[in-house]
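Shown next, in structure tokens, is the structure this report addresses.
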Protein chains: 2
Amino acid sequence: MSRLLAAALALALAPLAAAADEGMWTYDNFPSARVEQALGVKITPAWLAHLQASTARLAGGCSASFVSSRGLVLTNHHCARGCIEQLSSAGKDLLKGGFLARADGDELRCPAVEVNQLLSITDVTDAVKKATAGLSGKAYADAQRAEVARLEQACQKDASLRCDVVSLYRGGRHALHAYRRYQDVRLVWAPEQAAAHFGGDPDNFSFPRFSLDAAFLRVYDGGKPVVLADWLRWSAAGTKEGAPVFVAGNPGSTSRQLTVAQLEYLRDVVLPERLLQLAESRGLLTEYQRRGAEQARHSTALLYAVENSYKALVGRRDALVDRAFFRSLADAEARLRAEIAADPALAAEALPAYDTIAAAVERQRALRWREQYVAGTAAFGSTHFDLARTLVRGAEERAKPNGERLREFQEAGLPALTQRLFSPAPIYPELETFKLTHALVKLRERLGADDPFVKKVLGAASPGELAERLVKGTALADVMVRRSLWEGGPDAVAASTDTMIQLARLVDGDARAVRREVEEGIEPSLKQGGEAIARARFALHGTSVYPDATFSPRVSYGRVRGWTEGGRTVAPYTTLGGAFERATGRDPFALPASWLAGKGKLDLATPFDLCTDNDIIGGNSGSPLVDARGEVVGLVFDGNLASLAGDYGFDERVNRAVAVDSRAILELLGKLYAGDRLVKELKTGR
Amino acid sequence: MSRLLAAALALALAPLAAAADEGMWTYDNFPSARVEQALGVKITPAWLAHLQASTARLAGGCSASFVSSRGLVLTNHHCARGCIEQLSSAGKDLLKGGFLARADGDELRCPAVEVNQLLSITDVTDAVKKATAGLSGKAYADAQRAEVARLEQACQKDASLRCDVVSLYRGGRHALHAYRRYQDVRLVWAPEQAAAHFGGDPDNFSFPRFSLDAAFLRVYDGGKPVVLADWLRWSAAGTKEGAPVFVAGNPGSTSRQLTVAQLEYLRDVVLPERLLQLAESRGLLTEYQRRGAEQARHSTALLYAVENSYKALVGRRDALVDRAFFRSLADAEARLRAEIAADPALAAEALPAYDTIAAAVERQRALRWREQYVAGTAAFGSTHFDLARTLVRGAEERAKPNGERLREFQEAGLPALTQRLFSPAPIYPELETFKLTHALVKLRERLGADDPFVKKVLGAASPGELAERLVKGTALADVMVRRSLWEGGPDAVAASTDTMIQLARLVDGDARAVRREVEEGIEPSLKQGGEAIARARFALHGTSVYPDATFSPRVSYGRVRGWTEGGRTVAPYTTLGGAFERATGRDPFALPASWLAGKGKLDLATPFDLCTDNDIIGGNSGSPLVDARGEVVGLVFDGNLASLAGDYGFDERVNRAVAVDSRAILELLGKLYAGDRLVKELKTGR
């Protein structure tokens with residue numbers, strides 16, 4: 001990684017001067033002219049509209065596409081993993097054994113999956129600007145929240161719509177996204193974990209790869225598969241090296257527009273500290289898995305998530321501590337500042353913003369442990385506590401006018417929130433106790449044993465003892481109990497003797513105070529500073545730039561393409577035969593029994609995984625890879641190691657997206673997984 | 001921590017311009033005049049000679065002192081922890097229950113403790129310089145190794161002597177240290193872990209403290225307690241706030257003379273990566289402890305060591321990522337470089353050294369994973385493998401002339417090496433498998449599953465599978481097997497079918513190659529660069545500076561002193577009564593039963609722990625704290641959080657050493673631990 005980055009300096013990695021095949025573009029600002037020049041392909045508005053209507057996001061943090069008129073959804077196995085695990089039980093481990101519905105009626109409803117299909121993008125920058133003009137601090141935060149809530153509520157006419165105001169270009173633009181919301185989502189097919197995650201953590205973020213990281217879901221409406229006008233055709237022909245390809249998905253977050261002060265904070269504080277937590281969790285979970293087969297089954301998804309984040313953040317930190325790479329980012333900022341300084345009007349507004357942001361970062365730094373362990377979503381890291389906090393706060397927040405509520409309790413968010421709140425997914429007490437114990441240990445470690453908040457929470461108890469008592473004394477695993485507390489409102493919550501509700505009540509004042517400090521004392525400075533710089537950037541470069549990723553729909557363009565690294569050339573395709581060659585028979589390099597038994601039936605020359613130079617990032621998992629005709633030629637599931645630096649800058653020479661080839665999915669579905677029904681649907685669209 | 005450091009900038013923390021009560025001074029360059037000026041105390045050569053003769057180091061990495069004419073040794077409980085654990089068994093957990101020998105005959109021999117008492121320091125700078133004059137790279141490394149071996153062997157007339165050539169001032173001086181070596185060391189008294197480690201990890205590196213981190217050992221010779229002329233008297237009167245105090249110990253390592261390039265490498269690469277390993281190990285071990293009571297007992301010392309290192313390195317990293325603090329270090333280097341540049345002769349020699357070092361650091365960076373996972377002492381992290389590597393290499397190395405051997409196989413080191421090699425300390429197969437599994441996972445993770453070395457080691461096996469096979473197939477837990485392989489030499493090692501010997505043979509060529517690259521390709525540049533800068537510094541400042549710590553005897557001076565931090569003033573003493581107030585009854589804040597039962601007998605106003613502004617660092621654990629009369633007034637066992645920055649610079653306003661008060665030890669020994677025999681010995685010296 002270091003070597004790659006250092007070698008890449010000549011290209012200067014200017015974060016926004018979209019060179020080469022760079023960029024995660026919004027549908028309403030797609031650089032068609034540039035694409036035609038780069039790839040020789042004419043992208044029409046109709047082509048884009050069809051792609052937009054045929055793709056979706058999973059509200060939990062992934063991308064997906066519709067691949068039949070009957071609501072069939074293609075995404076990654078790792079995006080459906082939570083559902084697959086929740087549908088499993090002691091005798092029926094769908095992660096391990098895989099799943100295939102042989103008829104519509106066999107499809108299993110996922111307890112907590114929401115699919116969002118983008119309907120429209122409306123620019124609401126003026127409205128938001130007007131509402132916050134001349135304000136700062138708390139007044140700014142309040143006004144922005146109220147205006148966003150108003151816009152979202154006005155848009156969201158019923159529960160089948162989901163409306164989000166997205167802040168683009170670090171606040172330089174605001175866009176109202178209206179989505180069709182599907183909450184009845186069912187599992188259609190998933191291969192065995194051993195095939196989906198072949199190579200496991202060692203192979204994660206690398207290429208060549210041999211993973212069948214694919215699954216099919218289906219969206220239902222009124223108990224029946226939805227009928228869609230727009231969906232993507234499946235390419236049986238696939239691609240060749242050099243073919244133009246497009247990724248349509250929802251990249252989660254990038255940091256290409258952050259200031260150097262923010263990047264230093266990420267490099268020195270946020271990333272290393274988050275990594276230390278992940279490393280410790282990884283150790284704990286690895287050993288927890290040995291407690292027994294059931295404990296292993298319950299904690300597999302969590303361990304996977306921890307290992308995935310760990311490896312991703314290691315790569316990002318490696319990028320930022322590469323001194324040459326970091327210098328290239330600092331140089332880019334210096335160039336922009338020089339351009340701004342050359343224009344007195346821009347300078348007066350935008351140059352002080354750098355200091356505003358740096359000062360806010362210092363306040364972030366000072367508050368970070370409390371933000372994380374008292375106020376954050378990971379505080380008291382347990383499912384029970386999350387439910388309890390939602391119930392305690394929900395009772396209080398729902399009594400307020402919509403515009404004054406905490407963001408997640410505003411009307412626009414309630415359907416997604418209640419889906420999670422009332423999800424019948426199992427909760428495992430032993431795992432809960434384990435997670436809560438660890439969270440309490442870290443709370444004490446970070447704030448200190450003598451901190452008044454720590455004393456208030458722990459009293460004389462040890463973390464393990466308290467966690468056990470809390471988990472034993474809660475009935476929140478029962479959906480009916482949660483429903484009655486939600487519907488009972490403030491009185492029901494106040495009267496509850498449930499231990500986890502009691503904890504949530506005990507800490508809520510402190511947690512809200514910290515959150516207020518963040519939302520009113522720090523975020524407005526970051527946002528206003530970011531906006532001022534974004535405005536200057538627009539004035540200088542217009543919309544020839546793309547915004548940082550925000551988990552909203554984007555399209556990136558590129559080609560099927562390997563790369564050369566330290567003299568070694570990596571070809572862009574692997575084959576099914578390669579998987580058999582790589583297999584050792586031992587996890588994570590053990591192919592499932594179905595593969596070993598069915599090997600003879602397969603065309604081993606079938607392309608399996610491929611890599612492309614599309615610009616992607618976490619959140620793009622599950623994105624379709626489409627060709628110039630808009631047909632599905634692959635399914636993005638990963639990037640290579642160099643792609644991890646992509647959070648901060650795109651280097652087209654080495655940054656690669658990694659996908660499953662459409663041909664491999666067809667071949668395996670038909671010949672190994674008895675998926676004839678699915679193959680037919682992919683081929684005919686019905 | 002950040003706040004403390006940022007506030008401290010006015011003092012500028014110049015690494016070597018020993019201001020205030022700063023410095024870890026060698027006995028042959030003690031700043032008596034400065035001490036008299038600072039503390040009003042006259043330190044005579046005789047006083048120093050007596051202190052030197054009365055103190056010692058534990059070869060494993062701690063400090064200690066003689067406190068009676070009969071070889072009674074005072075050190076920390078945590079320094080004797082390895083021995084205490086090794087002397088325990090399933091039915092007799094001495095860590096948990098403590099230990100008291102009621103007569104000489106009851107004292108238990110520690111399997112692997114070596115005590116070294118410094119006899120003399122001889123400056124051998126000229127000899128070493130002469131041997132390496134004009135050489136570089138491999139030739140330089142070979143010549144220096146040969147000369148050091150020659151000097152050590154000439155000094156070491158019999159096995160009761162231990163001679164080490166220590167490189168001071170980053171190679172600016174070389175000093176031959178001759179020690180009396182004691183290998184028959186017995187456990188006399190240890191309190192319960194709950195008292196010794198009260199407050200556990202949460203309180204580690206903090207103050208106020210309430211820990212009885214003390215133990216007594218005794219050195220024997222010919223089966224009898226040794227008779228000593230020099231030993232330290234025990235102070236029953238103790239100290240008062242502001243009293244001058246001295247710490248005589250063996251600080252392990254500091255980095256105050258490193259260049260900025262080296263510090264950046266520590267900050268960005270070494271410390272974060274080491275921390276990630278420790279965090280993961282901590283998670284694994286925390287959960288491993290739940291496997292069962294015996295597994296917990298076997299792994300407690302390891303978990304303690306991991307948590308201690310983790311917290312220490314977090315503090316060090318925090319110091320280096322404090323931008324103001326790091327800038328102060330960079331400024332100090334800039335000042336020195338300016339001084340050097342002003343003198344053409346110095347400039348010609350010393351300025352290029354900065355670039356030489358920076359280039360060597362880049363090579364270190366590139367090689368670091370192989371150094372660590374293939375060549376390092378932690379590679380294949382298991383006791384069995386360490387033994388196997390020692391046996392395999394020992395056979396090869398001992399056949400060579402002394403000056404050509406790897407350093408640890410030179411004659412001077414063999415007594416310590418064979419003590420460890422033939423230690424009867426138990427080895428726990430389950431813990432071995434656990435450690436080895438984890439080491440193999442990390443090996444594969446860091447070098448990649450396709451690395452030829454990884455493939456050679458793992459073959460098709462999973463890490464866990466291979467570890468289990470290797471541990472099952474080795475007989476090296478049997479001391480007699482090790483003896484016969486050691487004595488059998490190359491033929492016996494070559495013929496062995498022991499799995500762990502086979503692994504050590506398999507990897508030794510690769511490991512030696514990496515080590516050679518480090519010792520011949522990198523270290524000579526670092527040493528020669530460091531020497532050049534050190535010579536320039538001497539030319540400018542003489543020996544008014546102290547060398548970086550090197551785990552050799554040093555004295556620091558200071559006062560009993562609290563500190564003020566963010567408006568809060570911390571008093572320098574705690575009391576026994578405070579421990580009862582802090583106790584919650586839950587680990588790690590649970591006092592042992594002996595304390596609860598005996599509380600009524602104690603004078604609760606007795607000072608318990610104290611803090612001083614002496615300049616100490618890891619390795620100083622177990623150092624006596626003596627007053628101006630040279631009497632033991634305390635036992636250093638820790639530093640506060642700000643002391644962790646002491647690796648890079650000393651801030652006398654906040655950096656504090658933490659010690660057990662001599663009065664508390666007397667009070668507790670006599671009234672709680674039935675240690676009348678010991679109390680008498682401390683009072684009379686016999």
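Ordering of the structure tokens sets the chain letters (A, B, ...); residue numbers start at 1 within each chain; ligands are numbered from 1 in the order shown.
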Hey, list the chain A side of the contact with chain B: 6 Å cut-off, only C-alpha atoms, answer as a ChimeraX atom specification. /A:202,276,279-280,283-284,287,445,460,462,584,586
Write out as a PyMOL selection string all residues of region 254-425 of chain A that backbone DSSP assigns to helix (DSSP H, G or I). chain A and resi 260-291+293-321+323-341+344-375+383-397+402-404+407-409+411-421
Contacts of region 338-353 of chain A at 9 Å or less, counting only C-alpha atoms, minus same-chain residues fewer than 2 places along, as a list of chain:residue names?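 Listing them by chain and then by number gives A:Glu333, A:Ala334, A:Arg335, A:Leu336, A:Asp355, A:Thr356, A:Ile357, A:Ala358, A:Ser525, A:Leu526, A:Gln528, A:Gly529, A:Gly530, A:Glu531, A:Ala532, A:Ile533, A:Ala534, A:Arg535, A:Ala536, A:Arg537, A:Ala539, A:Leu540.
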For the residues in the current selection, export N, CA, C and O atoms as a short mmCIF file (atom, residue, chain, number, x, y, z; two decimals), in the first residue's frame.
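Result file is again.cif:
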```
data_model
loop_
_atom_site.label_atom_id
_atom_site.label_comp_id
_atom_site.auth_asym_id
_atom_site.auth_seq_id
_atom_site.Cartn_x
_atom_site.Cartn_y
_atom_site.Cartn_z
N GLU A 333 -5.00 21.22 -0.85
CA GLU A 333 -5.65 22.27 -0.06
C GLU A 333 -4.94 23.61 -0.24
O GLU A 333 -5.56 24.66 -0.40
N ALA A 334 -3.61 23.54 -0.24
CA ALA A 334 -2.85 24.78 -0.39
C ALA A 334 -3.17 25.44 -1.74
O ALA A 334 -3.30 26.67 -1.82
N ARG A 335 -3.31 24.63 -2.78
CA ARG A 335 -3.63 25.20 -4.10
C ARG A 335 -5.00 25.89 -4.08
O ARG A 335 -5.17 26.99 -4.59
N LEU A 336 -5.98 25.18 -3.45
CA LEU A 336 -7.32 25.77 -3.40
C LEU A 336 -7.30 27.06 -2.59
O LEU A 336 -7.89 28.07 -2.97
N ASP A 355 -10.02 28.12 9.69
CA ASP A 355 -9.76 28.22 11.13
C ASP A 355 -10.98 27.82 11.95
O ASP A 355 -10.86 27.19 13.00
N THR A 356 -12.15 28.20 11.45
CA THR A 356 -13.39 27.79 12.12
C THR A 356 -13.43 26.27 12.26
O THR A 356 -13.75 25.72 13.31
N ILE A 357 -13.10 25.61 11.16
CA ILE A 357 -13.14 24.15 11.17
C ILE A 357 -12.07 23.58 12.10
O ILE A 357 -12.34 22.67 12.89
N ALA A 358 -10.87 24.14 12.04
CA ALA A 358 -9.79 23.63 12.91
C ALA A 358 -10.17 23.77 14.38
O ALA A 358 -9.92 22.86 15.19
N SER A 525 -20.33 24.75 13.26
CA SER A 525 -19.07 25.32 12.77
C SER A 525 -18.53 24.50 11.61
O SER A 525 -18.04 25.06 10.63
N LEU A 526 -18.60 23.19 11.74
CA LEU A 526 -18.09 22.34 10.66
C LEU A 526 -18.92 22.54 9.39
O LEU A 526 -18.38 22.63 8.29
N GLN A 528 -20.94 25.15 8.58
CA GLN A 528 -20.82 26.49 8.00
C GLN A 528 -19.45 26.69 7.38
O GLN A 528 -19.32 27.29 6.32
N GLY A 529 -18.43 26.16 8.03
CA GLY A 529 -17.09 26.24 7.45
C GLY A 529 -17.04 25.49 6.13
O GLY A 529 -16.53 25.98 5.12
N GLY A 530 -17.61 24.29 6.13
CA GLY A 530 -17.62 23.48 4.91
C GLY A 530 -18.40 24.15 3.79
O GLY A 530 -17.98 24.15 2.63
N GLU A 531 -19.52 24.77 4.15
CA GLU A 531 -20.32 25.47 3.15
C GLU A 531 -19.55 26.62 2.52
O GLU A 531 -19.59 26.82 1.30
N ALA A 532 -18.87 27.36 3.38
CA ALA A 532 -18.15 28.54 2.87
C ALA A 532 -17.07 28.09 1.88
O ALA A 532 -16.91 28.69 0.81
N ILE A 533 -16.37 27.02 2.22
CA ILE A 533 -15.33 26.53 1.31
C ILE A 533 -15.98 25.97 0.04
O ILE A 533 -15.50 26.19 -1.08
N ALA A 534 -17.11 25.27 0.21
CA ALA A 534 -17.79 24.70 -0.96
C ALA A 534 -18.26 25.80 -1.91
O ALA A 534 -18.15 25.66 -3.13
N ARG A 535 -18.78 26.86 -1.33
CA ARG A 535 -19.24 27.97 -2.19
C ARG A 535 -18.08 28.54 -2.99
O ARG A 535 -18.19 28.83 -4.19
N ALA A 536 -16.94 28.68 -2.32
CA ALA A 536 -15.77 29.20 -3.02
C ALA A 536 -15.35 28.24 -4.14
O ALA A 536 -15.01 28.65 -5.24
N ARG A 537 -15.43 26.96 -3.83
CA ARG A 537 -15.04 25.96 -4.82
C ARG A 537 -15.97 25.99 -6.03
O ARG A 537 -15.53 25.90 -7.18
N ALA A 539 -17.64 28.60 -7.01
CA ALA A 539 -17.36 29.84 -7.73
C ALA A 539 -16.16 29.64 -8.65
O ALA A 539 -16.11 30.18 -9.75
N LEU A 540 -15.21 28.82 -8.21
CA LEU A 540 -14.00 28.62 -8.99
C LEU A 540 -14.16 27.52 -10.04
O LEU A 540 -13.63 27.62 -11.14
#
```
Measure the distance from CA of Ala33 (chain A) to CA of His174 (chain A) in Å and round it to one decimal.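 Between CA of Ala33 (chain A) and CA of His174 (chain A) the gap is 24.5 Å.
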Just want the 10 Å neighbourhood of Gly639 (chain A), counted on only C-alpha atoms, with same-chain residues fewer than 2 positions away dropped. Output as JSON, numbers by chain. {"A": [204, 205, 206, 207, 312, 611, 612, 613, 614, 615, 616, 617, 618, 620, 621, 636, 637, 641, 642, 643, 644, 646, 655, 656, 657, 658, 659]}
Resulting file, chosen residues, C-alpha atoms, as a PDB file, in the first residue's frame:
```
ATOM      1  CA  ASN A 204     -10.860  -9.336   1.895  1.00  0.00           C
ATOM      2  CA  PHE A 205      -9.940  -6.112   0.035  1.00  0.00           C
ATOM      3  CA  SER A 206      -7.721  -7.931  -2.395  1.00  0.00           C
ATOM      4  CA  PHE A 207      -7.712  -9.273  -5.922  1.00  0.00           C
ATOM      5  CA  ALA A 312     -10.819  -1.223   5.809  1.00  0.00           C
ATOM      6  CA  CYS A 611     -11.921  -5.878 -11.288  1.00  0.00           C
ATOM      7  CA  THR A 612     -12.568  -2.474 -12.831  1.00  0.00           C
ATOM      8  CA  ASP A 613     -11.280   1.059 -12.361  1.00  0.00           C
ATOM      9  CA  ASN A 614     -14.619   2.473 -11.228  1.00  0.00           C
ATOM     10  CA  ASP A 615     -14.432   4.848  -8.278  1.00  0.00           C
ATOM     11  CA  ILE A 616     -16.306   3.208  -5.410  1.00  0.00           C
ATOM     12  CA  ILE A 617     -16.308   3.100  -1.620  1.00  0.00           C
ATOM     13  CA  GLY A 618     -18.056   1.278   1.239  1.00  0.00           C
ATOM     14  CA  ASN A 620     -21.299   0.460  -2.994  1.00  0.00           C
ATOM     15  CA  SER A 621     -21.473  -3.175  -1.926  1.00  0.00           C
ATOM     16  CA  VAL A 636     -19.680  -5.105  -7.011  1.00  0.00           C
ATOM     17  CA  PHE A 637     -18.723  -6.542  -3.628  1.00  0.00           C
ATOM     18  CA  LEU A 641      -6.269  -2.655  -0.995  1.00  0.00           C
ATOM     19  CA  ALA A 642      -5.450   0.528  -2.890  1.00  0.00           C
ATOM     20  CA  SER A 643      -9.163   1.332  -3.030  1.00  0.00           C
ATOM     21  CA  LEU A 644      -9.069   1.970   0.713  1.00  0.00           C
ATOM     22  CA  GLY A 646     -10.077   6.145  -2.036  1.00  0.00           C
ATOM     23  CA  ASN A 655      -7.623   1.745  -7.239  1.00  0.00           C
ATOM     24  CA  ARG A 656      -9.911  -1.103  -8.350  1.00  0.00           C
ATOM     25  CA  ALA A 657     -13.473  -2.162  -7.704  1.00  0.00           C
ATOM     26  CA  VAL A 658     -14.032  -5.917  -7.358  1.00  0.00           C
ATOM     27  CA  ALA A 659     -17.176  -7.659  -8.652  1.00  0.00           C
TER      28      ALA A 659
END
```
Write down as a ChimeraX atom specification the residues of region 206-252 of chain A whose backbone DSSP state falls under strand (DSSP E or B). /A:215-221,224-225,234,244-249
Skip Ser69 (chain A) itself and residues of its chain fewer than 5 positions away, then list as a list in words all residues within 6 Å of it, counting only C-alpha atoms. Val227, Leu228, Gly685 and Arg686 of chain A
Residues from last step as file, N, CA and C atoms, as a PDB file, in the first residue's frame:
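Heads up, here's the output in selection_18.pdb:
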```
ATOM      1  N   VAL A 227     -44.674  -5.318  -9.045  1.00  0.00           N
ATOM      2  CA  VAL A 227     -44.515  -5.321 -10.503  1.00  0.00           C
ATOM      3  C   VAL A 227     -43.773  -4.049 -10.893  1.00  0.00           C
ATOM      4  N   LEU A 228     -42.660  -4.215 -11.586  1.00  0.00           N
ATOM      5  CA  LEU A 228     -41.804  -3.076 -11.900  1.00  0.00           C
ATOM      6  C   LEU A 228     -41.752  -2.820 -13.400  1.00  0.00           C
ATOM      7  N   GLY A 685     -36.737 -11.949 -17.444  1.00  0.00           N
ATOM      8  CA  GLY A 685     -37.219 -10.777 -16.716  1.00  0.00           C
ATOM      9  C   GLY A 685     -38.552 -11.029 -16.026  1.00  0.00           C
ATOM     10  N   ARG A 686     -39.006 -12.281 -16.002  1.00  0.00           N
ATOM     11  CA  ARG A 686     -40.272 -12.584 -15.346  1.00  0.00           C
ATOM     12  C   ARG A 686     -40.163 -13.819 -14.460  1.00  0.00           C
TER      13      ARG A 686
END
```
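Of note, CA of Gln257 (chain A) and CA of Ala513 (chain A) are spaced 29.3 Å apart.
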Residue nearest Asp548 (chain A) - candidates A:Gly413, A:Gly91, A:Pro251, A:Pro191, atoms counted: only C-alpha atoms: A:Pro251
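The interatomic distance for the pair CA of Leu187 (chain A) and CA of Leu108 (chain A) works out to 5.1 Å.
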Would you list the contacts of Thr300 (chain A) as a PyMOL selection string, taking every protein, DNA or RNA residue within 9 Å and counting only C-alpha atoms, but skipping same-chain residues closer than 3 positions in sequence? chain A and resi 85+285+289+295-297+303-305
The selected residues should be written to file as an mmCIF file, in the first residue's frame (atoms: all heavy atoms).
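Just written: part37.cif:
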```
data_model
loop_
_atom_site.group_PDB
_atom_site.id
_atom_site.type_symbol
_atom_site.label_atom_id
_atom_site.label_comp_id
_atom_site.auth_asym_id
_atom_site.auth_seq_id
_atom_site.Cartn_x
_atom_site.Cartn_y
_atom_site.Cartn_z
ATOM 1 N N GLU A 85 -28.811 -14.491 8.875
ATOM 2 C CA GLU A 85 -28.558 -14.938 10.242
ATOM 3 C C GLU A 85 -29.835 -14.905 11.074
ATOM 4 O O GLU A 85 -30.127 -15.827 11.837
ATOM 5 C CB GLU A 85 -27.487 -14.051 10.879
ATOM 6 C CG GLU A 85 -26.965 -14.627 12.171
ATOM 7 C CD GLU A 85 -26.188 -13.599 12.980
ATOM 8 O OE1 GLU A 85 -26.766 -12.564 13.364
ATOM 9 O OE2 GLU A 85 -25.008 -13.828 13.222
ATOM 10 N N LEU A 285 -14.259 -11.447 20.180
ATOM 11 C CA LEU A 285 -15.225 -12.234 19.408
ATOM 12 C C LEU A 285 -14.619 -13.524 18.875
ATOM 13 O O LEU A 285 -15.286 -14.558 18.824
ATOM 14 C CB LEU A 285 -15.758 -11.400 18.239
ATOM 15 C CG LEU A 285 -16.880 -10.436 18.592
ATOM 16 C CD1 LEU A 285 -17.065 -9.406 17.491
ATOM 17 C CD2 LEU A 285 -18.183 -11.206 18.831
ATOM 18 N N GLN A 289 -16.327 -17.064 19.960
ATOM 19 C CA GLN A 289 -16.834 -18.072 19.036
ATOM 20 C C GLN A 289 -16.556 -19.494 19.529
ATOM 21 O O GLN A 289 -17.219 -20.433 19.143
ATOM 22 C CB GLN A 289 -16.201 -17.875 17.655
ATOM 23 C CG GLN A 289 -16.658 -16.604 16.961
ATOM 24 C CD GLN A 289 -17.275 -16.883 15.603
ATOM 25 O OE1 GLN A 289 -16.737 -17.664 14.842
ATOM 26 N NE2 GLN A 289 -18.412 -16.289 15.325
ATOM 27 N N GLN A 295 -23.146 -20.171 20.106
ATOM 28 C CA GLN A 295 -22.529 -18.858 20.316
ATOM 29 C C GLN A 295 -21.786 -18.424 19.052
ATOM 30 O O GLN A 295 -21.793 -17.251 18.691
ATOM 31 C CB GLN A 295 -21.556 -18.904 21.497
ATOM 32 C CG GLN A 295 -22.241 -18.984 22.858
ATOM 33 C CD GLN A 295 -22.421 -20.407 23.327
ATOM 34 O OE1 GLN A 295 -22.500 -21.343 22.515
ATOM 35 N NE2 GLN A 295 -22.487 -20.586 24.627
ATOM 36 N N ALA A 296 -21.157 -19.385 18.401
ATOM 37 C CA ALA A 296 -20.445 -19.059 17.170
ATOM 38 C C ALA A 296 -21.419 -18.583 16.102
ATOM 39 O O ALA A 296 -21.189 -17.579 15.429
ATOM 40 C CB ALA A 296 -19.663 -20.274 16.679
ATOM 41 N N ARG A 297 -22.514 -19.283 15.986
ATOM 42 C CA ARG A 297 -23.493 -18.908 14.972
ATOM 43 C C ARG A 297 -24.033 -17.502 15.238
ATOM 44 O O ARG A 297 -24.123 -16.670 14.334
ATOM 45 C CB ARG A 297 -24.635 -19.933 14.962
ATOM 46 C CG ARG A 297 -25.634 -19.741 13.838
ATOM 47 C CD ARG A 297 -26.668 -20.855 13.795
ATOM 48 N NE ARG A 297 -27.571 -20.832 14.934
ATOM 49 C CZ ARG A 297 -28.586 -19.957 15.079
ATOM 50 N NH1 ARG A 297 -28.795 -19.036 14.168
ATOM 51 N NH2 ARG A 297 -29.365 -20.007 16.134
ATOM 52 N N LEU A 303 -18.700 -10.681 14.035
ATOM 53 C CA LEU A 303 -17.255 -10.837 13.813
ATOM 54 C C LEU A 303 -16.886 -10.434 12.389
ATOM 55 O O LEU A 303 -15.878 -9.758 12.156
ATOM 56 C CB LEU A 303 -16.827 -12.281 14.090
ATOM 57 C CG LEU A 303 -15.358 -12.604 13.809
ATOM 58 C CD1 LEU A 303 -14.420 -11.718 14.626
ATOM 59 C CD2 LEU A 303 -15.058 -14.078 14.104
ATOM 60 N N TYR A 304 -17.729 -10.833 11.449
ATOM 61 C CA TYR A 304 -17.456 -10.460 10.066
ATOM 62 C C TYR A 304 -17.423 -8.943 9.927
ATOM 63 O O TYR A 304 -16.516 -8.367 9.306
ATOM 64 C CB TYR A 304 -18.529 -11.053 9.143
ATOM 65 C CG TYR A 304 -18.456 -10.489 7.751
ATOM 66 C CD1 TYR A 304 -17.587 -11.038 6.816
ATOM 67 C CD2 TYR A 304 -19.209 -9.388 7.389
ATOM 68 C CE1 TYR A 304 -17.484 -10.494 5.547
ATOM 69 C CE2 TYR A 304 -19.118 -8.836 6.125
ATOM 70 C CZ TYR A 304 -18.252 -9.396 5.205
ATOM 71 O OH TYR A 304 -18.154 -8.854 3.972
ATOM 72 N N ALA A 305 -18.416 -8.288 10.519
ATOM 73 C CA ALA A 305 -18.482 -6.828 10.403
ATOM 74 C C ALA A 305 -17.255 -6.178 11.039
ATOM 75 O O ALA A 305 -16.681 -5.231 10.502
ATOM 76 C CB ALA A 305 -19.759 -6.318 11.076
#
```
Using only C-alpha atoms, pick whichever of B:Gly315, B:Gly464, B:Gly577, B:Gly249 has the shortest atom-to-atom distance to Arg209 (chain B).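 Answer, going by the shortest atom-to-atom distance: B:Gly577.
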Which residues are near region 72-74 of chain B? Cut-off 10 Å, only C-alpha atoms, ignore same chain within fewer than 4 positions. Put them as number ranges by chain. B: 54-56, 63-68, 115, 185-189, 214-220, 225-228, 231, 622-624, 632, 635, 678, 681-682, 685-686
Taking only C-alpha atoms into account, name the residue in A:Phe246, A:Ala101, A:Ala379, A:His177 that is nearest to Tyr557 (chain A).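 Answer, going by the shortest atom-to-atom distance: A:Phe246.
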Residue nearest Ala494 (chain A) - candidates A:Cys110, A:Tyr27, A:Ala395, A:Val479, atoms counted: only C-alpha atoms: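 Among A:Cys110, A:Tyr27, A:Ala395, A:Val479, it is A:Ala395 that comes nearest to Ala494 (chain A).
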